[in-house]
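Novice: Quick one: the structure is below, and I'll ask about it shortly.
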Amino acid sequence: MTIILEQIHSPEDVKRLDDKETEALCRELREFLIENVSHTGGHLASNLGVVELTVALHRVFDTWRDRLVFDVGHQCYIHKILTGRKDTFGTLRSFQGVAGFPKPAESEHDAFIAGHASTSVSVALGMARARTIRGEHYSVVAVLGDGALTGGLAYEGLNDAGESGEPLIVVLNDNGMSITENVGGIASHLARQRVKPQYFEFKKTYRRIMGVIPGGKRIYRVTHRVKTAVKKALWPCSMFEDMGFTYLGPVDGHDIKKLTYLLQWARQINTTVLIHVRTVKGKGYPFAEEHPNEFHGISRFQIETGEPICASGKSFSGVFGETMLKLAEKDPRVCAVTAAMQSGTGLDEFSSRYPKRFFDVGIAEGHATAMCAGMAKQGLLPVFAVYSSFLQRAYDMLLHDVAISGLHVVFAVDRAGLVGEDGETHQGAFDASFLAQVPGMTVLCPASYGELSSMLEYALFECSGPVAVRYPRGCEGNYRGKWGRGTHAVLRRGKDITLAGYGVMVNELTEAAELLEAEGISAEVLKLDSIAPLDYDAVLDCALRTGRLLVAEESIQEGSVGMRIGAEAAKRGICLKNFALKNLGNVFIPHGSVPELLAMCGLNGKGIAETAGEMCHDR
Ligand SMILES: Cc1ncc(C[n+]2csc(CCOP(=O)(O)OP(=O)(O)O)c2C)c(N)n1
Ligand SMILES: CC(=O)[C@@H](O)[C@H](O)COP(=O)(O)O
Ligand SMILES: [Mg+2]
């Protein structure tokens with residue numbers, strides 16, 4: 001029964017509720033969330049944890065005007081439900097449905113796009129500065145998790161914000177969890193933050209008095225420093241205070257009254273405030289509370305049992321994890337590194353079997369890459385397992401710390417190509433371009449599980465310098481071949497056109513070739529195993545044999561393999577009868593299932609066959 005929620009059409013309706021009704025709303029929101037996400041899949045545990053926090057934020061702030069900046073953004077579901085997207089929430093993460101992350105194009109209440117961690121404080125500070133310079137009046141609030149606080153970028157923002165004097169509120173949602181348990185010294189620091197109750201009471205009274213007496217707010221600002229000094233002497237201090245923030249907390253993030261009170265106060269005092277909120281990830285759904293990792297990002301599940309509706313089978317990530325176990329057994333120098341993505345990258349078993357050779361460094365891809373450089377320099381064999389889109393964070397370290405020195409670091413680039421429902425921020429659309437540009441880099445593209453295993457072994461033991469082995473989210477397709485150790489393989493002979501691609505795209509190419517055959521067109525399928533270095537001789541030989549070349553790839557167009565082949569052909573003065581690039585274009589690809597997105601881009605078997613058919617009309 002969602003009696004109160006049914007009456008909520010905008011945040012104004014939330015503001016009208018008294019404390020009791022608001023608590024009831026929170027219960028109903030949890031019910032609504034669990035019901036919906038059980039059908040759509042999504043980031044359940046994080047959202048269950050921020051129900052009261054989000055409701056309190058909407059009690060205090062007006063998000064059409066005030067700017068509420070979510071970090072990562074995976075915890076924005078309650079915000080979406082309260083800001084006019086309740087009735088379409090059943091389309092969450094589906095093609096053309098409600099996005100799983102904040103999206104200003106979707107609603108004026110979404111202040112900023114997010115998807116990658118640790119950006120919120122910087123973005124919020126930028127907004128606060130814009131507001132001040134333009135003489136405008138609104139609040140700016142950043143909501144970031146303790147996991148996001150392991151990312152270096154968060155500190156760059158905090159360091160600047162703390163000293164800035166800009167009125168800005170940072171809400172730190174501390175649940176002790178990243179996707180898996182949070183790591184590092186900061187997590188320990190947060191756990192130690194226990195303000196003595198007497199101090200909390202003293203602070204409350206002090207604030208109340210200052211709010212009542214004439215000129216109290218001004219006096220508050222003047223005496224704040226004295227009070228802080230006294231407090232420092234008497235009570236343990238958080239690093240945030242040292243950085244210049246007014247620190248409030250820790251406060252129970254499920255106590256809606258206390259939260260509302262603190263947020264109201266933080267809004268009034270017009271300074272740089274950090275509110276430390278403690279929450280329980282998965283709150284209110286026992287399965288999620290017990291297994292926050294499994295319910296962080298979940299596919300469709302049964303509410304009564306918490307079991308996924310479709311059991312997840314074998315995947316490229318799983319095969320990567322299994323192969324790593326074998327390789328680590330073979331050579332004690334092999335180490336696995338993750339930036340807070342232990343489970344997603346398939347390293348759970350490795351972490352328990354080889355705890356001394358497993359490193360979860362937090363959401364710190366730049367650090368992970370530079371650390372791998374150090375490990376490699378001193379004789380280890382580090383493998384950094386990282387999602388393609390998160391590796392974007394570490395590009396400079398890849399160039400500066402790994403590549404210039406030619407260090408042998410292996411990048412297991414998971415989620416390469418389209419990932420689907422997470423949308424623009426998560427599509428692995430860029431790595432094929434940006435990795436190939438790195439001097440001395442080898443980039444291998446397995447198209448099957450078997451190829452992933454052998455390419456990984458080859459990358460570790462037979463390559464030198466930086467090597468990336470890139471593979472997609474999910475499972476292999478019909479192609480189950482083994483890697484012949486070459487740079488390429490012709491999967492199917494043909495005489496009218498060459499269809500070239502790499503990774504699981506070869507499945508679409510093969511399907512296209514079959515469709516073309518039915519039309520009387522003979523298509524050759526060329527699988528590229530290495531896209532850096534790229535065997536131009538082999539590709540152009542094939543293309544010259546058929547006279548026509550179509551290159552299909554789940555990659556941004558600029559810097560794509562197709563463009564590189566085109567440039568090489570031009571350089572060599574090779575003129576083909578017809579040449580086409582099929583890729584993601586130079587745009588950001590939204591959320592939706594991978595098959596839907598492939599179809600949208602003309603990159604499925606049917607789309608490729610259509611283009612190829614047109615190319616062959618003159619034959
Ligand atoms: C740069 C980057 N690396 C990795 C991720 C994957 N990721 C998404 S959420 C998350 C954990 C975030 O933890 P926290 O901020 O504490 O939020 P919680 O889920 O606990 O609410 C991670 C590692 C990401 N979004 N961005
Ligand atoms: C926001 C977030 O949590 C991301 O890490 C993403 O949702 C990962 O999804 P998969 O691991 O299912 O690809
Ligand atoms: Mg957390």
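The way I read the labels, and the way they are meant: chains A, B, ... in the order of the structure tokens, residue 1 as the first residue of every chain, and ligand 1 as the first ligand shown, with later ones counted on from there.
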Just the residues within 8 Å of segment 36-39 of chain A, please, counting only C-alpha atoms, with nothing from its chain fewer than 5 positions along; format it as a PyMOL selection string.

Specialist: chain A and resi 44+89-90+299-303

Novice: So which residues of segment 371-486 of chain A fall under alpha helix (DSSP H) by DSSP, listed as a count of residues only?

Specialist: 33

Novice: Output as a tab-separated table one row per residue of chain A within 9 Å of ligand 1: the closest atom pair and its distance in Å to one decimal place, counting only C-alpha atoms and all ligand atoms, sorted by chain and residue number ascending.

Specialist:
```
residue	atom	partner	partner_atom_place_in_ligand_line	distance
A:His43	CA	ligand 1	19 (O)	8.0
A:Ala45	CA	ligand 1	19 (O)	7.2
A:Ser46	CA	ligand 1	21 (O)	4.3
A:Asn47	CA	ligand 1	21 (O)	7.2
A:Gly49	CA	ligand 1	21 (O)	7.1
A:Val50	CA	ligand 1	21 (O)	7.7
A:Asp71	CA	ligand 1	15 (O)	6.9
A:Val72	CA	ligand 1	25 (N)	5.2
A:Gly73	CA	ligand 1	9 (S)	8.2
A:His74	CA	ligand 1	9 (S)	6.6
A:Gln75	CA	ligand 1	21 (O)	6.3
A:Ala114	CA	ligand 1	25 (N)	8.5
A:Gly115	CA	ligand 1	25 (N)	5.3
A:His116	CA	ligand 1	26 (N)	3.4
A:Ala117	CA	ligand 1	26 (N)	3.9
A:Ser118	CA	ligand 1	1 (C)	7.1
A:Thr119	CA	ligand 1	1 (C)	8.8
A:Leu144	CA	ligand 1	15 (O)	5.8
A:Gly145	CA	ligand 1	15 (O)	3.4
A:Asp146	CA	ligand 1	16 (O)	4.0
A:Gly147	CA	ligand 1	16 (O)	3.2
A:Ala148	CA	ligand 1	15 (O)	3.8
A:Leu149	CA	ligand 1	15 (O)	6.8
A:Thr150	CA	ligand 1	15 (O)	8.4
A:Gly151	CA	ligand 1	1 (C)	7.6
A:Leu172	CA	ligand 1	16 (O)	8.9
A:Asn173	CA	ligand 1	21 (O)	6.8
A:Asp174	CA	ligand 1	16 (O)	6.5
A:Asn175	CA	ligand 1	20 (O)	5.8
A:Gly176	CA	ligand 1	20 (O)	7.0
A:Met177	CA	ligand 1	20 (O)	4.7
A:Ser178	CA	ligand 1	13 (O)	3.5
A:Ile179	CA	ligand 1	11 (C)	4.5
A:Thr180	CA	ligand 1	11 (C)	7.7
A:Glu181	CA	ligand 1	20 (O)	8.8
A:Asn182	CA	ligand 1	16 (O)	7.3
A:Thr279	CA	ligand 1	21 (O)	8.9
A:Val280	CA	ligand 1	20 (O)	8.9
A:Lys281	CA	ligand 1	20 (O)	6.5
A:Pro292	CA	ligand 1	19 (O)	8.7
A:Asn293	CA	ligand 1	19 (O)	8.9
A:His296	CA	ligand 1	19 (O)	6.5
A:Gly297	CA	ligand 1	9 (S)	8.7
A:Ala339	CA	ligand 1	4 (C)	6.6
A:Ala340	CA	ligand 1	23 (C)	4.7
A:Met341	CA	ligand 1	23 (C)	5.8
A:Gly362	CA	ligand 1	23 (C)	7.3
A:Ile363	CA	ligand 1	3 (N)	5.0
A:Ala364	CA	ligand 1	1 (C)	7.1
A:Glu365	CA	ligand 1	1 (C)	6.9
A:Val386	CA	ligand 1	4 (C)	8.5
A:Tyr387	CA	ligand 1	4 (C)	7.9
A:Ser389	CA	ligand 1	1 (C)	8.0
A:Phe390	CA	ligand 1	1 (C)	4.9
A:Leu391	CA	ligand 1	1 (C)	7.9
A:Gln392	CA	ligand 1	1 (C)	8.3
A:Arg393	CA	ligand 1	1 (C)	6.6
A:Thr425	CA	ligand 1	25 (N)	8.7
A:His426	CA	ligand 1	25 (N)	8.2
```

Novice: Of the residues A:Met324, A:Ile133, A:Val121, A:Val361, which is the one nearest to Gly185 of chain A, using only C-alpha atoms?

Specialist: A:Val361

Novice: When you draw a straight line from atom CA of Ile275 of chain A to atom CA of Leu259 of chain A, how long is it in Å?

Specialist: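 Pair atom CA of Ile275 of chain A / atom CA of Leu259 of chain A returns 9.3 Å.
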
Novice: For a quick check of understanding, using only C-alpha atoms, which of A:Val14, A:Met397, A:Cys445, A:Cys310 has the smallest distance to Gly41 of chain A?

Specialist: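 Nearest candidate to Gly41 of chain A out of A:Val14, A:Met397, A:Cys445, A:Cys310: A:Cys310.
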
Novice: Can you tell me how far atom CA of Thr498 of chain A sits from atom CA of Ile574 of chain A, in Å to one decimal?

Specialist: 15.1 Å
